file final-v1.cif (mmCIF, C-alpha atoms (C1' of nucleotides))
data_input
#
loop_
_atom_site.label_atom_id
_atom_site.label_comp_id
_atom_site.auth_asym_id
_atom_site.auth_seq_id
_atom_site.Cartn_x
_atom_site.Cartn_y
_atom_site.Cartn_z
CA MET A 196 -28.24 -16.89 -11.20
CA ASN A 197 -27.42 -18.43 -7.88
CA LEU A 198 -27.49 -15.35 -5.64
CA LYS A 199 -27.60 -15.70 -1.87
CA THR A 200 -29.67 -14.07 0.84
CA LYS A 201 -29.02 -10.60 2.16
CA GLU A 202 -27.64 -12.09 5.38
CA HIS A 203 -25.17 -14.19 3.47
CA TYR A 204 -23.55 -11.08 2.06
CA GLU A 205 -23.78 -9.19 5.34
CA VAL A 206 -21.82 -11.68 7.45
CA ARG A 207 -19.13 -11.88 4.78
CA ALA A 208 -18.92 -8.13 4.47
CA GLN A 209 -18.49 -7.99 8.23
CA VAL A 210 -15.38 -10.16 8.03
CA ALA A 211 -13.94 -8.13 5.17
CA LYS A 212 -14.66 -4.97 7.13
CA ALA A 213 -12.67 -6.25 10.06
CA LEU A 214 -9.69 -6.67 7.73
CA ALA A 215 -10.17 -3.27 6.09
CA HIS A 216 -8.13 -1.01 8.35
CA PRO A 217 -4.41 -0.24 8.08
CA ALA A 218 -3.77 -0.50 11.82
CA ARG A 219 -5.46 -3.88 11.96
CA LEU A 220 -3.45 -5.12 8.99
CA LEU A 221 -0.27 -4.03 10.67
CA MET A 222 -1.24 -5.87 13.83
CA LEU A 223 -2.05 -9.06 11.92
CA ASP A 224 1.26 -8.83 10.11
CA ALA A 225 3.14 -8.32 13.36
CA ILE A 226 1.43 -11.26 15.05
CA GLN A 227 2.03 -13.48 12.05
CA GLN A 228 5.71 -12.63 11.88
CA CYS A 229 6.59 -12.73 15.56
CA GLY A 230 8.33 -15.85 16.76
CA ASP A 231 5.82 -16.89 19.42
CA GLY A 232 2.76 -16.67 17.19
CA GLU A 233 1.12 -14.36 19.72
CA MET A 234 1.60 -10.84 21.02
CA CYS A 235 0.38 -8.86 24.02
CA VAL A 236 -1.62 -5.65 23.71
CA CYS A 237 1.28 -3.65 25.11
CA ASP A 238 3.70 -4.70 22.37
CA LEU A 239 1.13 -4.15 19.64
CA THR A 240 0.40 -0.71 21.03
CA GLU A 241 4.06 0.20 20.68
CA ILE A 242 4.23 -1.13 17.12
CA VAL A 243 1.07 0.57 15.87
CA GLY A 244 1.74 3.86 17.64
CA VAL A 245 -1.79 4.86 18.62
CA ASP A 246 -3.48 4.99 21.99
CA GLN A 247 -3.68 1.71 23.93
CA SER A 248 -7.45 2.00 24.15
CA THR A 249 -7.64 2.26 20.37
CA VAL A 250 -5.50 -0.85 19.93
CA SER A 251 -7.67 -2.73 22.40
CA ARG A 252 -10.74 -1.85 20.36
CA HIS A 253 -9.10 -2.88 17.08
CA LEU A 254 -8.21 -6.22 18.61
CA ALA A 255 -11.77 -6.65 19.82
CA VAL A 256 -12.97 -6.15 16.24
CA LEU A 257 -10.61 -8.82 14.92
CA LYS A 258 -11.59 -11.20 17.69
CA GLN A 259 -15.29 -10.66 17.12
CA ALA A 260 -14.79 -11.28 13.40
CA GLY A 261 -13.21 -14.67 14.09
CA VAL A 262 -9.74 -13.70 12.92
CA LEU A 263 -7.99 -13.59 16.29
CA ALA A 264 -8.20 -15.56 19.51
CA ASP A 265 -6.99 -14.30 22.87
CA ARG A 266 -5.47 -15.83 25.98
CA LYS A 267 -5.02 -14.11 29.33
CA GLU A 268 -1.90 -14.69 31.35
CA GLY A 269 -1.67 -12.72 34.53
CA VAL A 270 -2.20 -9.09 33.75
CA MET A 271 -1.54 -9.46 30.06
CA THR A 272 -3.67 -10.61 27.12
CA PHE A 273 -2.06 -12.38 24.17
CA PHE A 274 -3.65 -12.44 20.74
CA ARG A 275 -2.97 -15.05 18.07
CA LEU A 276 -4.34 -15.83 14.60
CA ARG A 277 -7.24 -18.24 14.38
CA VAL A 278 -6.79 -18.78 10.63
CA ARG A 279 -3.96 -19.50 8.22
CA CYS A 280 -5.56 -18.20 5.05
CA LEU A 281 -4.69 -14.53 5.27
CA GLU A 282 -1.83 -15.00 2.81
CA GLY A 283 -4.34 -15.95 0.14
CA PHE A 284 -6.54 -13.06 1.11
CA TRP A 285 -3.75 -10.53 0.66
CA GLY A 286 -2.50 -12.29 -2.41
CA CYS A 287 -5.77 -11.39 -4.07
CA VAL A 288 -5.47 -7.82 -2.84
CA GLU A 289 -2.02 -7.65 -4.45
CA ILE A 290 -3.48 -8.79 -7.76
CA VAL A 291 -6.17 -6.12 -7.54
CA LEU A 292 -3.53 -3.49 -6.85
CA LYS A 293 -1.57 -4.60 -9.91
CA GLU A 294 -4.70 -4.35 -12.03
CA LYS A 295 -5.36 -0.88 -10.69
CA LEU A 296 -1.84 0.16 -11.59
CA LYS A 297 -2.33 -1.19 -15.11
CA ALA A 298 -5.56 0.78 -15.48
CA GLN A 299 -3.87 3.95 -14.28
CA GLN A 300 -0.99 3.53 -16.71
CA LYS A 301 -3.43 3.01 -19.55
CA ALA A 302 -5.28 6.18 -18.53
CA VAL A 303 -2.07 8.23 -18.52
CA GLY A 304 -1.04 6.98 -21.95
CA ARG A 305 -4.41 7.91 -23.41
CA MET B 345 10.22 -8.45 12.20
CA ASN B 346 9.71 -7.48 8.59
CA LEU B 347 6.90 -4.94 8.94
CA LYS B 348 6.00 -2.63 6.05
CA THR B 349 5.43 1.10 5.80
CA LYS B 350 2.22 2.78 6.84
CA GLU B 351 1.33 3.35 3.18
CA HIS B 352 1.75 -0.31 2.40
CA TYR B 353 -1.02 -1.15 4.82
CA GLU B 354 -3.16 1.78 3.77
CA VAL B 355 -3.44 0.89 0.08
CA ARG B 356 -4.25 -2.72 0.97
CA ALA B 357 -6.85 -1.67 3.50
CA GLN B 358 -8.40 0.50 0.80
CA VAL B 359 -8.93 -2.52 -1.44
CA ALA B 360 -10.38 -4.57 1.41
CA LYS B 361 -12.68 -1.69 2.27
CA ALA B 362 -14.06 -1.65 -1.25
CA LEU B 363 -14.99 -5.32 -0.83
CA ALA B 364 -16.45 -4.80 2.64
CA HIS B 365 -20.06 -3.95 1.87
CA PRO B 366 -22.95 -6.38 1.42
CA ALA B 367 -24.42 -4.57 -1.59
CA ARG B 368 -21.04 -4.55 -3.32
CA LEU B 369 -20.57 -8.25 -2.63
CA LEU B 370 -23.94 -8.99 -4.11
CA MET B 371 -23.06 -6.99 -7.22
CA LEU B 372 -19.75 -8.81 -7.65
CA ASP B 373 -21.49 -12.14 -7.22
CA ALA B 374 -24.13 -11.21 -9.79
CA ILE B 375 -21.55 -10.07 -12.32
CA GLN B 376 -19.46 -13.16 -11.78
CA GLN B 377 -22.39 -15.49 -12.25
CA CYS B 378 -24.11 -13.82 -15.19
CA GLY B 379 -23.49 -15.40 -18.55
CA ASP B 380 -22.04 -12.37 -20.32
CA GLY B 381 -19.44 -11.58 -17.68
CA GLU B 382 -20.78 -8.04 -17.50
CA MET B 383 -23.91 -6.28 -16.33
CA CYS B 384 -25.43 -2.84 -16.80
CA VAL B 385 -26.22 -0.49 -13.93
CA CYS B 386 -29.94 -0.87 -14.54
CA ASP B 387 -29.92 -4.65 -14.03
CA LEU B 388 -27.70 -4.38 -10.96
CA THR B 389 -30.04 -1.76 -9.53
CA GLU B 390 -32.94 -4.16 -9.83
CA ILE B 391 -30.99 -7.00 -8.21
CA VAL B 392 -29.68 -4.99 -5.28
CA GLY B 393 -32.92 -3.14 -4.65
CA VAL B 394 -31.61 0.27 -3.63
CA ASP B 395 -31.65 3.60 -5.42
CA GLN B 396 -29.94 3.73 -8.80
CA SER B 397 -27.70 6.56 -7.64
CA THR B 398 -26.56 4.43 -4.72
CA VAL B 399 -25.70 1.55 -7.04
CA SER B 400 -23.79 3.89 -9.31
CA ARG B 401 -21.70 5.07 -6.36
CA HIS B 402 -21.01 1.52 -5.19
CA LEU B 403 -19.82 0.64 -8.68
CA ALA B 404 -17.57 3.70 -8.71
CA VAL B 405 -15.98 2.47 -5.49
CA LEU B 406 -15.26 -0.95 -6.96
CA LYS B 407 -13.91 0.59 -10.15
CA GLN B 408 -11.65 2.97 -8.24
CA ALA B 409 -10.34 0.07 -6.17
CA GLY B 410 -9.29 -1.81 -9.30
CA VAL B 411 -11.85 -4.59 -8.94
CA LEU B 412 -14.19 -3.63 -11.79
CA ALA B 413 -13.78 -2.17 -15.27
CA ASP B 414 -16.53 -0.45 -17.21
CA ARG B 415 -17.52 -0.09 -20.84
CA LYS B 416 -20.07 2.31 -22.26
CA GLU B 417 -22.41 1.23 -25.01
CA GLY B 418 -24.98 3.74 -26.08
CA VAL B 419 -26.82 4.95 -23.04
CA MET B 420 -25.76 2.03 -20.86
CA THR B 421 -22.63 1.26 -18.87
CA PHE B 422 -21.50 -2.34 -18.41
CA PHE B 423 -19.28 -3.41 -15.54
CA ARG B 424 -17.08 -6.51 -15.53
CA LEU B 425 -14.52 -8.01 -13.15
CA ARG B 426 -10.90 -7.04 -13.63
CA VAL B 427 -9.60 -9.89 -11.45
CA ARG B 428 -10.22 -13.62 -11.13
CA CYS B 429 -9.01 -14.07 -7.58
CA LEU B 430 -12.15 -13.17 -5.65
CA GLU B 431 -12.94 -16.85 -5.12
CA GLY B 432 -9.78 -17.16 -3.05
CA PHE B 433 -10.63 -14.00 -1.20
CA TRP B 434 -14.03 -15.24 -0.17
CA GLY B 435 -12.71 -18.70 0.47
CA CYS B 436 -10.62 -17.22 3.25
CA VAL B 437 -13.64 -15.35 4.56
CA GLU B 438 -15.54 -18.65 4.69
CA ILE B 439 -12.76 -20.18 6.75
CA VAL B 440 -12.86 -17.24 9.16
CA LEU B 441 -16.61 -17.64 9.51
CA LYS B 442 -16.19 -21.33 10.32
CA GLU B 443 -13.61 -20.45 12.97
CA LYS B 444 -15.97 -17.89 14.42
CA LEU B 445 -18.72 -20.47 14.59
CA LYS B 446 -16.37 -22.88 16.37
CA ALA B 447 -15.49 -20.20 18.90
CA GLN B 448 -19.14 -19.44 19.53
CA GLN B 449 -19.98 -23.09 20.06
CA LYS B 450 -17.12 -23.42 22.50
CA ALA B 451 -18.41 -20.34 24.35
CA VAL B 452 -21.92 -21.80 24.63
CA GLY B 453 -20.66 -25.13 25.93
CA ARG B 454 -18.62 -23.42 28.62
"C1'" DT C 688 -37.67 18.56 -32.27
"C1'" DT C 689 -39.52 16.57 -28.25
"C1'" DT C 690 -39.61 12.67 -25.21
"C1'" DA C 691 -37.77 8.77 -22.78
"C1'" DT C 692 -34.08 6.05 -20.88
"C1'" DT C 693 -29.76 5.36 -18.57
"C1'" DC C 694 -26.20 6.77 -15.75
"C1'" DA C 695 -23.47 10.09 -12.84
"C1'" DT C 696 -23.18 13.69 -9.44
"C1'" DG C 697 -24.36 17.64 -6.01
"C1'" DG C 698 -26.60 18.17 -1.73
"C1'" DC C 699 -28.10 16.70 2.50
"C1'" DA C 700 -29.09 13.82 6.72
"C1'" DA C 701 -28.41 9.65 9.45
"C1'" DA C 702 -25.38 6.22 10.96
"C1'" DA C 703 -21.01 4.05 11.62
"C1'" DT C 704 -16.09 4.44 12.50
"C1'" DG C 705 -11.90 5.84 14.68
"C1'" DG C 706 -9.35 8.46 17.77
"C1'" DC C 707 -8.24 10.26 22.44
"C1'" DC C 708 -8.94 11.01 27.48
"C1'" DA C 709 -10.26 9.37 31.77
"C1'" DT C 710 -11.07 5.64 34.43
"C1'" DA C 711 -12.38 0.97 36.07
"C1'" DA C 712 -10.88 -3.83 36.81
"C1'" DA C 713 -7.56 -7.28 37.62
"C1'" DA C 714 -3.17 -8.99 38.79
"C1'" DG C 715 1.37 -8.59 40.65
"C1'" DA C 716 5.03 -6.06 43.29
"C1'" DA C 717 6.54 -3.59 47.22
"C1'" DT D 1006 -2.15 -2.85 52.44
"C1'" DT D 1007 -0.78 0.37 48.85
"C1'" DC D 1008 1.35 1.17 44.34
"C1'" DT D 1009 2.18 -0.21 39.55
"C1'" DT D 1010 1.25 -2.37 35.28
"C1'" DT D 1011 -1.81 -4.05 31.79
"C1'" DT D 1012 -6.11 -4.20 29.56
"C1'" DA D 1013 -11.01 -2.93 28.68
"C1'" DT D 1014 -14.68 0.40 28.47
"C1'" DG D 1015 -17.62 4.84 28.89
"C1'" DG D 1016 -17.77 9.36 27.02
"C1'" DC D 1017 -17.06 12.52 23.60
"C1'" DC D 1018 -15.95 14.56 19.13
"C1'" DA D 1019 -14.36 14.59 14.19
"C1'" DT D 1020 -14.54 12.17 10.06
"C1'" DT D 1021 -16.27 8.87 6.81
"C1'" DT D 1022 -19.78 6.17 4.89
"C1'" DT D 1023 -24.24 5.31 3.12
"C1'" DG D 1024 -28.57 6.34 1.57
"C1'" DC D 1025 -32.07 9.14 -0.85
"C1'" DC D 1026 -33.80 12.99 -3.74
"C1'" DA D 1027 -33.24 16.00 -7.39
"C1'" DT D 1028 -31.08 16.99 -11.41
"C1'" DG D 1029 -27.77 17.14 -15.23
"C1'" DA D 1030 -25.63 14.86 -19.33
"C1'" DA D 1031 -25.74 11.78 -23.00
"C1'" DT D 1032 -27.91 8.85 -26.13
"C1'" DA D 1033 -31.76 6.81 -28.51
"C1'" DA D 1034 -36.61 6.84 -29.88
"C1'" DA D 1035 -40.77 9.01 -31.52
#
call {"tool": "encode", "arguments": {"input": "final-v1.cif", "output": "structure tokens"}}
result
Amino acid sequence: MNLKTKEHYEVRAQVAKALAHPARLLMLDAIQQCGDGEMCVCDLTEIVGVDQSTVSRHLAVLKQAGVLADRKEGVMTFFRLRVRCLEGFWGCVEIVLKEKLKAQQKAVGR
Amino acid sequence: MNLKTKEHYEVRAQVAKALAHPARLLMLDAIQQCGDGEMCVCDLTEIVGVDQSTVSRHLAVLKQAGVLADRKEGVMTFFRLRVRCLEGFWGCVEIVLKEKLKAQQKAVGR
DNA sequence: TTTATTCATGGCAAAATGGCCATAAAAGAA
DNA sequence: TTCTTTTATGGCCATTTTGCCATGAATAAA
């Protein structure tokens, strides 16, 4: 088998972890769908509906993971996606969810 | 904007969370690469190198998420992938890692 | 039957995560 | 200058996650 080093799996898990929070998913979705391709912390705070400090920390996680980039303009900070592959990422998640549903239906019919 | 419900993001985050652990990644990789397409808990325990009870719990997480299925044969339990899309999933992670590296290089050269 | 093997689970402790509040820092407005 | 707005961060607490040990349950072997 062609298994990798422990670090190999750790850095990849770190990226997946950054994507594994509902508030962060919502923020990514909002940024992706907004016309400008970027959003300020204040707007994201309103959309997510948690404390501004919490949003700031979520955004820091996504930035640190390599998913978002930021740009300061005056008093505001705008965040934008650094990658275009998230569709594929969530496409796989959708498939997993469908499989899970299948398994549950099979279990009920047992 | 076409944002989804809170639950929409929660179930998807749950799947991502299941994939967001180095030991679980290693196990998925091992199962994917092994010839039979399935592995027993005992072999996975040896590969990962943590307690057998810990491996069992990791496998339960992946099963619950819809990523793995299991099959009992005698005293052993074999786990196999339920989905074929993980390549795409990790492909996106690779792209994120490359972006992160680019950002770090830019930061050093500043 | 007794013994050994394989896996799952209860219990517990350590660490990580996520949330809020308060507040600092930076920029612009008055 | 002083006030306001926007963002980031320290502090703190509650919850979740992760790991191990011990042990139970199930099956196979002796």
call {"tool": "residues_around", "arguments": {"input": "final-v1.cif", "residues": "region 1012-1014 of chain D", "least_positions_apart": "4", "cutoff": "10 Å", "atoms": "only C-alpha atoms (C1' of nucleotides)", "output": "ChimeraX atom specification"}}
result
/A:235-237,247-248,251-252,255,267,270-272 /C:710-713
call {"tool": "write_last_selection", "arguments": {"input": "final-v1.cif", "atoms": "C-alpha atoms (C1' of nucleotides)", "output": "mmCIF file, in the frame of the given file"}}
result
data_model
loop_
_atom_site.group_PDB
_atom_site.id
_atom_site.type_symbol
_atom_site.label_atom_id
_atom_site.label_comp_id
_atom_site.auth_asym_id
_atom_site.auth_seq_id
_atom_site.Cartn_x
_atom_site.Cartn_y
_atom_site.Cartn_z
ATOM 1 C CA CYS A 235 0.380 -8.860 24.020
ATOM 2 C CA VAL A 236 -1.620 -5.650 23.710
ATOM 3 C CA CYS A 237 1.280 -3.650 25.110
ATOM 4 C CA GLN A 247 -3.680 1.710 23.930
ATOM 5 C CA SER A 248 -7.450 2.000 24.150
ATOM 6 C CA SER A 251 -7.670 -2.730 22.400
ATOM 7 C CA ARG A 252 -10.740 -1.850 20.360
ATOM 8 C CA ALA A 255 -11.770 -6.650 19.820
ATOM 9 C CA LYS A 267 -5.020 -14.110 29.330
ATOM 10 C CA VAL A 270 -2.200 -9.090 33.750
ATOM 11 C CA MET A 271 -1.540 -9.460 30.060
ATOM 12 C CA THR A 272 -3.670 -10.610 27.120
ATOM 13 C "C1'" DT C 710 -11.070 5.640 34.430
ATOM 14 C "C1'" DA C 711 -12.380 0.970 36.070
ATOM 15 C "C1'" DA C 712 -10.880 -3.830 36.810
ATOM 16 C "C1'" DA C 713 -7.560 -7.280 37.620
#
call {"tool": "atom_distance", "arguments": {"input": "final-v1.cif", "atom1": "CA of Gly410 (chain B)", "atom2": "CA of Ala298 (chain A)"}}
result
7.7 Å
call {"tool": "resolve_selection", "arguments": {"input": "final-v1.cif", "expression": "the PyMOL selection byres ((chain A) within 7 of (chain B))", "output": "mmCIF file with C-alpha atoms, in the coordinates of the input"}}
result
data_model
loop_
_atom_site.group_PDB
_atom_site.id
_atom_site.type_symbol
_atom_site.label_atom_id
_atom_site.label_comp_id
_atom_site.auth_asym_id
_atom_site.auth_seq_id
_atom_site.Cartn_x
_atom_site.Cartn_y
_atom_site.Cartn_z
ATOM 1 C CA MET A 196 -28.240 -16.890 -11.200
ATOM 2 C CA LEU A 198 -27.490 -15.350 -5.640
ATOM 3 C CA TYR A 204 -23.550 -11.080 2.060
ATOM 4 C CA GLU A 205 -23.780 -9.190 5.340
ATOM 5 C CA ARG A 207 -19.130 -11.880 4.780
ATOM 6 C CA ALA A 208 -18.920 -8.130 4.470
ATOM 7 C CA GLN A 209 -18.490 -7.990 8.230
ATOM 8 C CA VAL A 210 -15.380 -10.160 8.030
ATOM 9 C CA ALA A 211 -13.940 -8.130 5.170
ATOM 10 C CA LYS A 212 -14.660 -4.970 7.130
ATOM 11 C CA LEU A 214 -9.690 -6.670 7.730
ATOM 12 C CA ALA A 215 -10.170 -3.270 6.090
ATOM 13 C CA HIS A 216 -8.130 -1.010 8.350
ATOM 14 C CA PRO A 217 -4.410 -0.240 8.080
ATOM 15 C CA LEU A 220 -3.450 -5.120 8.990
ATOM 16 C CA LEU A 221 -0.270 -4.030 10.670
ATOM 17 C CA ASP A 224 1.260 -8.830 10.110
ATOM 18 C CA ALA A 225 3.140 -8.320 13.360
ATOM 19 C CA GLN A 228 5.710 -12.630 11.880
ATOM 20 C CA CYS A 229 6.590 -12.730 15.560
ATOM 21 C CA ALA A 260 -14.790 -11.280 13.400
ATOM 22 C CA GLY A 261 -13.210 -14.670 14.090
ATOM 23 C CA VAL A 262 -9.740 -13.700 12.920
ATOM 24 C CA ARG A 277 -7.240 -18.240 14.380
ATOM 25 C CA VAL A 278 -6.790 -18.780 10.630
ATOM 26 C CA CYS A 280 -5.560 -18.200 5.050
ATOM 27 C CA LEU A 281 -4.690 -14.530 5.270
ATOM 28 C CA GLY A 283 -4.340 -15.950 0.140
ATOM 29 C CA PHE A 284 -6.540 -13.060 1.110
ATOM 30 C CA CYS A 287 -5.770 -11.390 -4.070
ATOM 31 C CA VAL A 288 -5.470 -7.820 -2.840
ATOM 32 C CA VAL A 291 -6.170 -6.120 -7.540
ATOM 33 C CA LEU A 292 -3.530 -3.490 -6.850
ATOM 34 C CA GLU A 294 -4.700 -4.350 -12.030
ATOM 35 C CA LYS A 295 -5.360 -0.880 -10.690
#
call {"tool": "resolve_selection", "arguments": {"input": "final-v1.cif", "expression": "the PyMOL selection byres ((chain D) within 7 of (chain B))", "output": "list in words"}}
result
DG1024, DA1031 and DT1032 of chain D
call {"tool": "resolve_selection", "arguments": {"input": "final-v1.cif", "expression": "the PyMOL selection byres ((chain C) within 9 of (chain B))", "output": "JSON, numbers by chain"}}
result
{"C": [692, 693, 694, 695, 696]}
